[in-house]
Each structure stands twice: as C-alpha cells, then as structure tokens.
file target-v2.txt (compact mmCIF, C-alpha atoms and all ligand atoms)
# COMPACT_ATOMS: atom_id res chain seq x y z
CA MET A 1 -6.96 12.54 -33.62
CA CYS A 2 -7.73 13.03 -29.93
CA TRP A 3 -8.14 9.86 -27.89
CA ARG A 4 -11.79 10.70 -27.28
CA GLN A 5 -12.46 10.49 -31.04
CA TRP A 6 -10.40 7.33 -31.12
CA CYS A 7 -12.53 5.75 -28.41
CA ALA A 8 -15.70 6.58 -30.34
CA LEU A 9 -14.14 5.09 -33.48
CA MET A 10 -13.19 1.98 -31.53
CA LEU A 11 -16.71 1.42 -30.30
CA LEU A 12 -18.97 2.68 -33.09
CA PRO A 13 -18.14 0.01 -35.71
CA ARG A 14 -19.07 -2.67 -33.15
CA LEU A 15 -22.56 -1.25 -32.58
CA ARG A 16 -25.67 -2.10 -34.52
CA ARG A 17 -27.47 0.71 -36.32
CA ASP A 18 -30.19 1.31 -33.69
CA ALA A 19 -27.89 0.76 -30.70
CA LEU A 20 -28.70 2.42 -27.37
CA VAL A 21 -25.65 3.79 -25.54
CA LEU A 22 -25.23 5.06 -21.98
CA ASP A 23 -22.62 7.79 -21.50
CA LEU A 24 -21.83 7.13 -17.84
CA CYS A 25 -20.36 10.17 -16.01
CA CYS A 26 -21.11 12.22 -19.12
CA GLY A 27 -19.85 15.48 -17.57
CA THR A 28 -20.44 18.46 -19.86
CA GLY A 29 -21.82 16.12 -22.51
CA ARG A 30 -19.31 16.73 -25.28
CA LEU A 31 -19.05 13.06 -26.18
CA THR A 32 -22.78 12.58 -25.54
CA GLY A 33 -23.53 15.38 -28.03
CA ALA A 34 -21.07 14.00 -30.60
CA LEU A 35 -22.68 10.54 -30.38
CA SER A 36 -26.14 12.02 -30.73
CA GLU A 37 -25.00 14.01 -33.80
CA ALA A 38 -23.75 10.71 -35.26
CA ASN A 39 -27.36 9.45 -34.93
CA ILE A 40 -26.55 7.13 -32.01
CA ARG A 41 -29.36 6.83 -29.46
CA VAL A 42 -27.65 7.95 -26.28
CA ILE A 43 -28.56 8.72 -22.67
CA GLY A 44 -26.23 10.72 -20.42
CA LEU A 45 -25.80 10.11 -16.69
CA ASP A 46 -23.81 12.19 -14.23
CA GLY A 47 -23.84 12.86 -10.50
CA SER A 48 -23.39 16.61 -10.84
CA ARG A 49 -26.35 18.84 -11.60
CA ARG A 50 -24.02 21.62 -12.78
CA MET A 51 -22.30 19.28 -15.25
CA LEU A 52 -25.69 18.19 -16.53
CA GLN A 53 -26.69 21.82 -17.09
CA HIS A 54 -23.71 22.12 -19.50
CA ALA A 55 -24.58 18.73 -21.00
CA ARG A 56 -28.09 19.96 -21.75
CA ARG A 57 -26.54 22.66 -23.96
CA ASN A 58 -23.90 20.39 -25.54
CA ALA A 59 -26.26 17.48 -26.17
CA PRO A 60 -29.63 19.05 -27.01
CA GLY A 61 -32.54 16.63 -26.97
CA VAL A 62 -30.57 13.85 -25.27
CA PRO A 63 -32.18 12.37 -22.11
CA LEU A 64 -29.95 13.15 -19.11
CA LEU A 65 -30.11 11.58 -15.69
CA GLN A 66 -28.69 12.70 -12.40
CA ALA A 67 -27.55 9.60 -10.54
CA ASP A 68 -24.62 8.07 -8.71
CA ALA A 69 -22.35 5.90 -10.86
CA ARG A 70 -21.60 3.76 -7.79
CA GLN A 71 -25.15 2.44 -7.76
CA PHE A 72 -27.63 3.04 -10.51
CA GLY A 73 -30.27 1.10 -12.38
CA MET A 74 -31.85 1.78 -15.76
CA ARG A 75 -35.18 0.74 -17.22
CA ASP A 76 -33.57 0.31 -20.65
CA ALA A 77 -31.19 -2.45 -21.74
CA PHE A 78 -28.14 -0.85 -23.32
CA ASP A 79 -25.99 -2.09 -26.19
CA ALA A 80 -23.00 -0.22 -24.80
CA VAL A 81 -21.90 1.80 -21.78
CA LEU A 82 -19.09 4.33 -22.18
CA CYS A 83 -17.24 5.96 -19.32
CA THR A 84 -14.45 8.28 -20.45
CA PHE A 85 -11.77 10.68 -19.29
CA ASP A 86 -10.77 9.10 -15.99
CA SER A 87 -14.30 9.32 -14.58
CA LEU A 88 -13.88 5.99 -12.76
CA ASN A 89 -10.75 7.30 -11.02
CA HIS A 90 -13.22 9.56 -9.20
CA LEU A 91 -14.54 6.48 -7.38
CA LEU A 92 -12.20 6.39 -4.45
CA ASN A 93 -12.25 2.79 -3.32
CA GLN A 94 -12.43 -0.67 -4.81
CA GLU A 95 -15.88 -1.46 -3.39
CA ASP A 96 -17.35 1.64 -5.11
CA LEU A 97 -15.72 0.60 -8.37
CA ASN A 98 -17.00 -2.98 -8.02
CA SER A 99 -20.50 -1.69 -7.27
CA CYS A 100 -20.34 0.51 -10.39
CA PHE A 101 -19.28 -2.51 -12.47
CA ARG A 102 -22.28 -4.46 -11.14
CA SER A 103 -24.65 -1.60 -12.07
CA VAL A 104 -23.10 -1.42 -15.56
CA SER A 105 -23.44 -5.17 -16.01
CA ALA A 106 -27.10 -5.06 -14.89
CA CYS A 107 -28.05 -2.47 -17.52
CA LEU A 108 -26.20 -4.09 -20.45
CA ARG A 109 -27.96 -6.55 -22.68
CA PRO A 110 -26.16 -9.92 -22.99
CA GLY A 111 -23.13 -9.32 -25.21
CA GLY A 112 -23.38 -5.56 -24.63
CA LEU A 113 -20.09 -3.61 -24.49
CA PHE A 114 -18.51 -1.59 -21.71
CA PHE A 115 -15.71 0.78 -22.65
CA PHE A 116 -13.88 2.87 -20.04
CA ASP A 117 -10.50 4.35 -19.26
CA LEU A 118 -8.40 4.81 -16.14
CA ASN A 119 -5.34 6.90 -15.35
CA THR A 120 -2.34 4.78 -14.41
CA ASP A 121 0.30 5.17 -11.71
CA HIS A 122 2.76 6.20 -14.46
CA GLY A 123 0.27 8.77 -15.80
CA TYR A 124 -0.25 10.32 -12.37
CA ARG A 125 3.49 10.48 -11.68
CA LEU A 126 4.08 12.07 -15.08
CA ARG A 127 1.21 14.56 -15.28
CA TRP A 128 -0.22 15.20 -11.83
CA LYS A 129 2.36 17.63 -10.49
CA GLY A 130 2.96 21.34 -10.31
CA VAL A 131 1.13 24.61 -10.06
CA ARG A 132 -0.25 26.40 -13.09
CA LYS A 133 -1.52 29.96 -13.30
CA LEU A 134 -3.50 31.22 -16.24
CA ASN A 135 -5.92 33.86 -17.35
CA PHE A 136 -9.35 32.67 -18.43
CA HIS A 137 -11.67 35.29 -19.94
CA GLY A 138 -10.09 37.96 -17.74
CA ARG A 139 -10.21 35.82 -14.61
CA LYS A 140 -7.19 34.48 -12.78
CA VAL A 141 -7.14 30.71 -12.53
CA TRP A 142 -4.75 28.82 -10.25
CA THR A 143 -4.47 25.03 -10.40
CA ARG A 144 -2.38 22.51 -8.53
CA TYR A 145 -1.94 18.80 -9.33
CA HIS A 146 -0.51 16.46 -6.73
CA TYR A 147 -0.09 12.67 -6.63
CA HIS A 148 0.72 10.65 -3.53
CA PRO A 149 2.17 7.34 -4.89
CA GLU A 150 2.12 5.46 -1.56
CA LEU A 151 -1.57 6.22 -1.02
CA ARG A 152 -2.30 6.02 -4.78
CA LEU A 153 -4.38 9.17 -4.34
CA ALA A 154 -4.30 12.24 -6.58
CA ARG A 155 -5.58 15.70 -5.70
CA PHE A 156 -6.51 18.55 -8.01
CA ASP A 157 -7.08 22.05 -6.63
CA LEU A 158 -8.56 24.90 -8.62
CA ARG A 159 -9.05 28.48 -7.53
CA LEU A 160 -10.87 30.96 -9.71
CA GLU A 161 -10.94 34.65 -8.91
CA ARG A 162 -13.94 36.53 -10.15
CA PHE A 163 -14.54 40.24 -10.01
CA SER A 164 -18.02 41.60 -9.64
CA THR A 165 -19.14 45.13 -8.73
CA GLY A 166 -15.79 46.00 -7.22
CA THR A 167 -15.63 42.96 -4.91
CA GLN A 168 -13.30 40.05 -5.37
CA ALA A 169 -14.69 36.57 -4.70
CA LYS A 170 -13.01 33.22 -5.00
CA ASP A 171 -14.41 29.93 -6.28
CA GLU A 172 -12.53 26.89 -5.07
CA LEU A 173 -12.71 23.29 -6.11
CA VAL A 174 -10.91 20.19 -4.80
CA LEU A 175 -11.10 16.87 -6.69
CA TRP A 176 -9.67 13.56 -5.58
CA GLN A 177 -8.82 10.58 -7.75
CA ARG A 178 -7.75 7.02 -6.92
CA CYS A 179 -5.18 5.14 -8.95
CA HIS A 180 -6.91 1.74 -9.09
CA ASP A 181 -4.85 -1.42 -9.07
CA THR A 182 -5.15 -3.12 -12.47
CA ALA A 183 -5.37 -6.65 -11.03
CA ALA A 184 -8.22 -5.55 -8.71
CA VAL A 185 -9.97 -3.87 -11.66
CA ARG A 186 -9.79 -7.11 -13.62
CA ALA A 187 -11.15 -9.07 -10.63
CA GLY A 188 -14.01 -6.56 -10.17
CA LEU A 189 -14.95 -6.87 -13.85
CA GLU A 190 -14.92 -10.64 -13.68
CA ASN A 191 -17.11 -10.68 -10.55
CA ALA A 192 -19.60 -8.44 -12.36
CA HIS A 193 -19.67 -10.85 -15.35
CA LEU A 194 -17.89 -8.32 -17.55
CA SER A 195 -15.35 -10.23 -19.57
CA LEU A 196 -12.36 -8.30 -20.83
CA ILE A 197 -12.01 -8.29 -24.63
CA ASP A 198 -9.01 -5.95 -24.93
CA VAL A 199 -6.84 -3.46 -23.06
CA PHE A 200 -5.13 -0.55 -24.82
CA GLY A 201 -2.59 1.92 -23.47
CA LEU A 202 -2.02 5.61 -24.15
CA GLN A 203 1.67 6.27 -24.65
CA ASP A 204 3.18 9.61 -25.80
CA GLY A 205 -0.26 10.66 -27.04
CA VAL A 206 -0.78 7.50 -29.11
CA VAL A 207 -3.15 4.65 -28.28
CA VAL A 208 -1.44 1.27 -28.70
CA ALA A 209 -2.65 -2.31 -28.30
CA GLY A 210 -1.79 -3.85 -24.95
CA HIS A 211 -0.12 -1.90 -22.18
CA ASN A 212 3.20 -1.61 -20.39
CA ALA A 213 4.90 0.44 -17.67
CA ASP A 214 4.86 3.54 -19.93
CA SER A 215 1.09 3.61 -20.42
CA GLU A 216 -0.31 6.87 -19.02
CA ARG A 217 -3.89 5.73 -19.34
CA LEU A 218 -5.54 2.38 -19.95
CA PHE A 219 -8.64 1.70 -22.05
CA PHE A 220 -10.70 -1.38 -21.25
CA LEU A 221 -13.16 -2.95 -23.67
CA CYS A 222 -15.43 -5.53 -22.01
CA GLU A 223 -18.47 -7.56 -22.87
CA ASN A 224 -21.42 -8.52 -20.67
CA ALA A 225 -20.93 -12.26 -20.37
CA SER A 226 -23.82 -12.94 -17.98
CA GLY A 227 -25.93 -14.34 -20.84
CA ARG A 228 -29.15 -12.81 -19.55
CA LEU A 229 -30.54 -9.41 -18.71
CA GLN A 230 -30.34 -8.82 -14.96
CA SER A 231 -32.94 -6.81 -13.10
CA PRO A 232 -31.32 -3.74 -11.57
CA ALA A 233 -31.25 -3.50 -7.78
CA TYR A 234 -32.07 0.21 -8.01
CA LEU A 235 -33.79 2.38 -10.62
CA CYS A 236 -32.72 5.96 -11.45
CA ARG A 237 -35.54 8.40 -11.24
CA ALA A 238 -34.39 11.99 -11.78
CA ASP A 239 -34.65 12.91 -15.45
CA VAL A 240 -33.10 16.29 -16.02
CA ASN A 241 -34.33 16.91 -19.56
C1 LIG B 1 -13.37 14.08 -15.71
S1 LIG B 1 -15.12 14.24 -15.90
C2 LIG B 1 -15.38 13.35 -17.40
C3 LIG B 1 -16.61 13.76 -18.14
C4 LIG B 1 -16.86 13.11 -19.49
N1 LIG B 1 -16.99 11.66 -19.38
C5 LIG B 1 -15.80 13.46 -20.51
O1 LIG B 1 -15.22 12.56 -21.13
O2 LIG B 1 -15.58 14.67 -20.72
C6 LIG B 1 -15.72 13.16 -14.63
C7 LIG B 1 -17.21 13.22 -14.44
O3 LIG B 1 -17.57 12.17 -13.54
C8 LIG B 1 -18.64 12.63 -12.72
N2 LIG B 1 -18.67 11.80 -11.52
C9 LIG B 1 -17.70 11.61 -10.61
N3 LIG B 1 -18.10 10.77 -9.64
C10 LIG B 1 -19.37 10.41 -9.95
C11 LIG B 1 -20.34 9.55 -9.36
N4 LIG B 1 -20.08 8.88 -8.22
N5 LIG B 1 -21.53 9.41 -9.95
C12 LIG B 1 -21.83 10.06 -11.10
N6 LIG B 1 -20.96 10.90 -11.71
C13 LIG B 1 -19.74 11.07 -11.15
C14 LIG B 1 -18.31 14.07 -12.46
O4 LIG B 1 -19.46 14.81 -12.06
C15 LIG B 1 -17.75 14.50 -13.81
O5 LIG B 1 -18.74 15.04 -14.62
call {"tool": "encode", "arguments": {"input": "target-v2.txt", "output": "structure tokens"}}
result
Amino acid sequence: MCWRQWCALMLLPRLRRDALVLDLCCGTGRLTGALSEANIRVIGLDGSRRMLQHARRNAPGVPLLQADARQFGMRDAFDAVLCTFDSLNHLLNQEDLNSCFRSVSACLRPGGLFFFDLNTDHGYRLRWKGVRKLNFHGRKVWTRYHYHPELRLARFDLRLERFSTGTQAKDELVLWQRCHDTAAVRAGLENAHLSLIDVFGLQDGVVVAGHNADSERLFFLCENASGRLQSPAYLCRADVN
C-alpha cells in the first residue's frame, strides 16, 4: 500500500458520512479524485493554475480553488483538511507555515481534523541528492536533488528537452523546500489552536506510530481545539471549475 492510500485510510474512518474535506495544495488532484470517487465531498485548493488544470481532469466535478495556502479563507466549515506529499515543505519560512496553520484552523469546524506530512532532515539527507537522467515519452529529462543541511533548504531542478518542428527548446523548473523544525511546527500548531493527536513516521517505506531519527517523513494528525468556528480573515474567490 502506498503511503497516500494509508493516509486516506487513516483519516476516512474518522469522518462522518457527509463530511466535507479540503485537499489543501491538491496539485494534480489524484488524491482529490480518489476521495471524490469514494463519495467524500471534497474541495481542492492549489496555488498553481497549471496544477489545477490537471486536477480538473483527475477530479471531475470537484470544486477547485486557486489560492495561496499561506493565507486563505473558506466560506464552508470543513470536517477535515488534508495536505499531502510534502506540500507544506514548500512554505519556506516559519511565519508562512504558522499563517497557513491559522487559515486551516479558521476553516475547520470545532473538532475538525487536520492531517499533513513533512519531509524530515533525515529524509532530505537520504533522498535529496544526485542527478538523474531519463527518457519520458521520447523527451530527455534531467533532474537534480540537493539538500543544504546547515540552511535546512532543499532544491530540486528539472530540465525537460522538447523537440518541435526541428527546433530544440528547454523547459526548466526550480523548486525549493524548507526542512521545518519539528518543535517549531508543534508550537505553530498550538498557537493556531490545532492540538496534536498523533505523529507517525515513514521508515523504510513503512508508516509506524511515533517517530525517531530514522523517520524520512512525518505525518501529523491534529484536531481543531478552538471550540468555535472562527471567521476567516480572508475569503478565497477564484473558483476554477
Ligand atoms: C508536491 S505537490 C503535492 C500535491 C498533492 N498534495 C499530492 O499529494 O500529490 C505540492 C503542491 O503544493 C502547491 N503549493 C506550493 N506552495 C503553495 C502555496 N503557497 N499555496 C498553494 N499551493 C501551493 C504546488 O502548486 C503543488 O501543487
């Protein structure tokens, strides 16, 4: 079982039948689509219009919003917010992460669940290194992963060569990630009234309860402990679907 299925399994039994779920940083919408197929009412949110174009195909009929995870507000009160596959490592400083936690807290109903994962220092040291070259549908793809442990910053470079009408063009992409400090993450959650229920670690491809120095990725399950629905400071407007 891939850890993405595991995370759905972890959350789904805790949700009531008509639960409303926000897939925060939904990307190409694979999890969004899977949740929708499982008859979960889900809304996808991502900052990238191109990602949302893929999500529209992978999650047909699901409402999709283009918004910034660092500060967003929803009209609906959600039973759960999911944020998977190191999306929150894309937020590059603690204040952005704290602001995201506050937005999540504001859109969760009291007792609502927040489930997210983060890459760890060990995970970056283990996996974020080296150059890979591959062929993708006849195109040459070059990738490089690099982690700077002192700065706790990771960089991913991708170069894609495409051939059209005899000319050769290159698409390039650079992505940065921050390895967030676990103690600061816990403090940010607490300040946003998100109380931690459990932490799980991914180790050698297996998700285990608790975590230790060998965890490549951490999963956090939290609950909105504010006891009342907060009014969001900001409301998302752009509805892509
Ligand atoms: C690694 S992908 C994960 C996508 C999806 N959650 C999954 O599990 O496949 C990270 C996603 O986070 C989105 N993202 C990064 N920073 C964001 C921000 N500040 N606001 C909204 N989306 C953001 C990116 O556009 C991208 O789609």
call {"tool": "axis_aligned_box", "arguments": {"input": "target-v2.txt", "around": "ligand LIG 1 (chain B)", "padding_each_side": "6 Å", "output": "AutoDock Vina command-line options"}}
result
--center_x -17.6 --center_y 12.0 --center_z -14.7 --size_x 20.5 --size_y 18.2 --size_z 24.9
call {"tool": "residues_around", "arguments": {"input": "target-v2.txt", "residues": "A:Val208", "least_positions_apart": "3", "cutoff": "12 Å", "atoms": "only C-alpha atoms", "output": "PyMOL selection string"}}
result
chain A and resi 3+6-7+198-205+211-212+214-219
call {"tool": "residues_near_ligand", "arguments": {"input": "target-v2.txt", "ligand": "ligand LIG 1 (chain B)", "cutoff": "7 Å", "atoms": "only C-alpha atoms and all ligand atoms", "output": "list in words"}}
result
Leu24, Cys25, Cys26, Gly27, Thr28, Gly29, Arg30, Leu31, Leu45, Asp46, Gly47, Ser48, Met51, Ala67, Asp68, Ala69, Arg70, Cys83, Thr84, Phe85, Asp86, Ser87, His90 and Leu91 of chain A
call {"tool": "atom_distance", "arguments": {"input": "target-v2.txt", "atom1": "atom CA of A:His180", "atom2": "atom CA of A:Ala106"}}
result
22.1 Å
call {"tool": "closest_residue", "arguments": {"input": "target-v2.txt", "among": "A:Leu134, A:Ala34, A:Leu97, A:Val81", "to": "A:Phe116", "atoms": "only C-alpha atoms"}}
result
A:Val81
call {"tool": "residues_around", "arguments": {"input": "target-v2.txt", "residues": "A:Leu92", "least_positions_apart": "2", "cutoff": "9 Å", "atoms": "all atoms listed in the file", "output": "PDB file with C-alpha atoms, keeping the file's coordinate frame"}}
result
ATOM      1  CA  LEU A  88     -13.880   5.990 -12.760  1.00  0.00           C
ATOM      2  CA  ASN A  89     -10.750   7.300 -11.020  1.00  0.00           C
ATOM      3  CA  HIS A  90     -13.220   9.560  -9.200  1.00  0.00           C
ATOM      4  CA  GLN A  94     -12.430  -0.670  -4.810  1.00  0.00           C
ATOM      5  CA  GLU A  95     -15.880  -1.460  -3.390  1.00  0.00           C
ATOM      6  CA  ASP A  96     -17.350   1.640  -5.110  1.00  0.00           C
ATOM      7  CA  LEU A  97     -15.720   0.600  -8.370  1.00  0.00           C
ATOM      8  CA  LEU A 153      -4.380   9.170  -4.340  1.00  0.00           C
ATOM      9  CA  TRP A 176      -9.670  13.560  -5.580  1.00  0.00           C
ATOM     10  CA  GLN A 177      -8.820  10.580  -7.750  1.00  0.00           C
ATOM     11  CA  ARG A 178      -7.750   7.020  -6.920  1.00  0.00           C
ATOM     12  CA  CYS A 179      -5.180   5.140  -8.950  1.00  0.00           C
ATOM     13  CA  HIS A 180      -6.910   1.740  -9.090  1.00  0.00           C
TER      14      HIS A 180
END
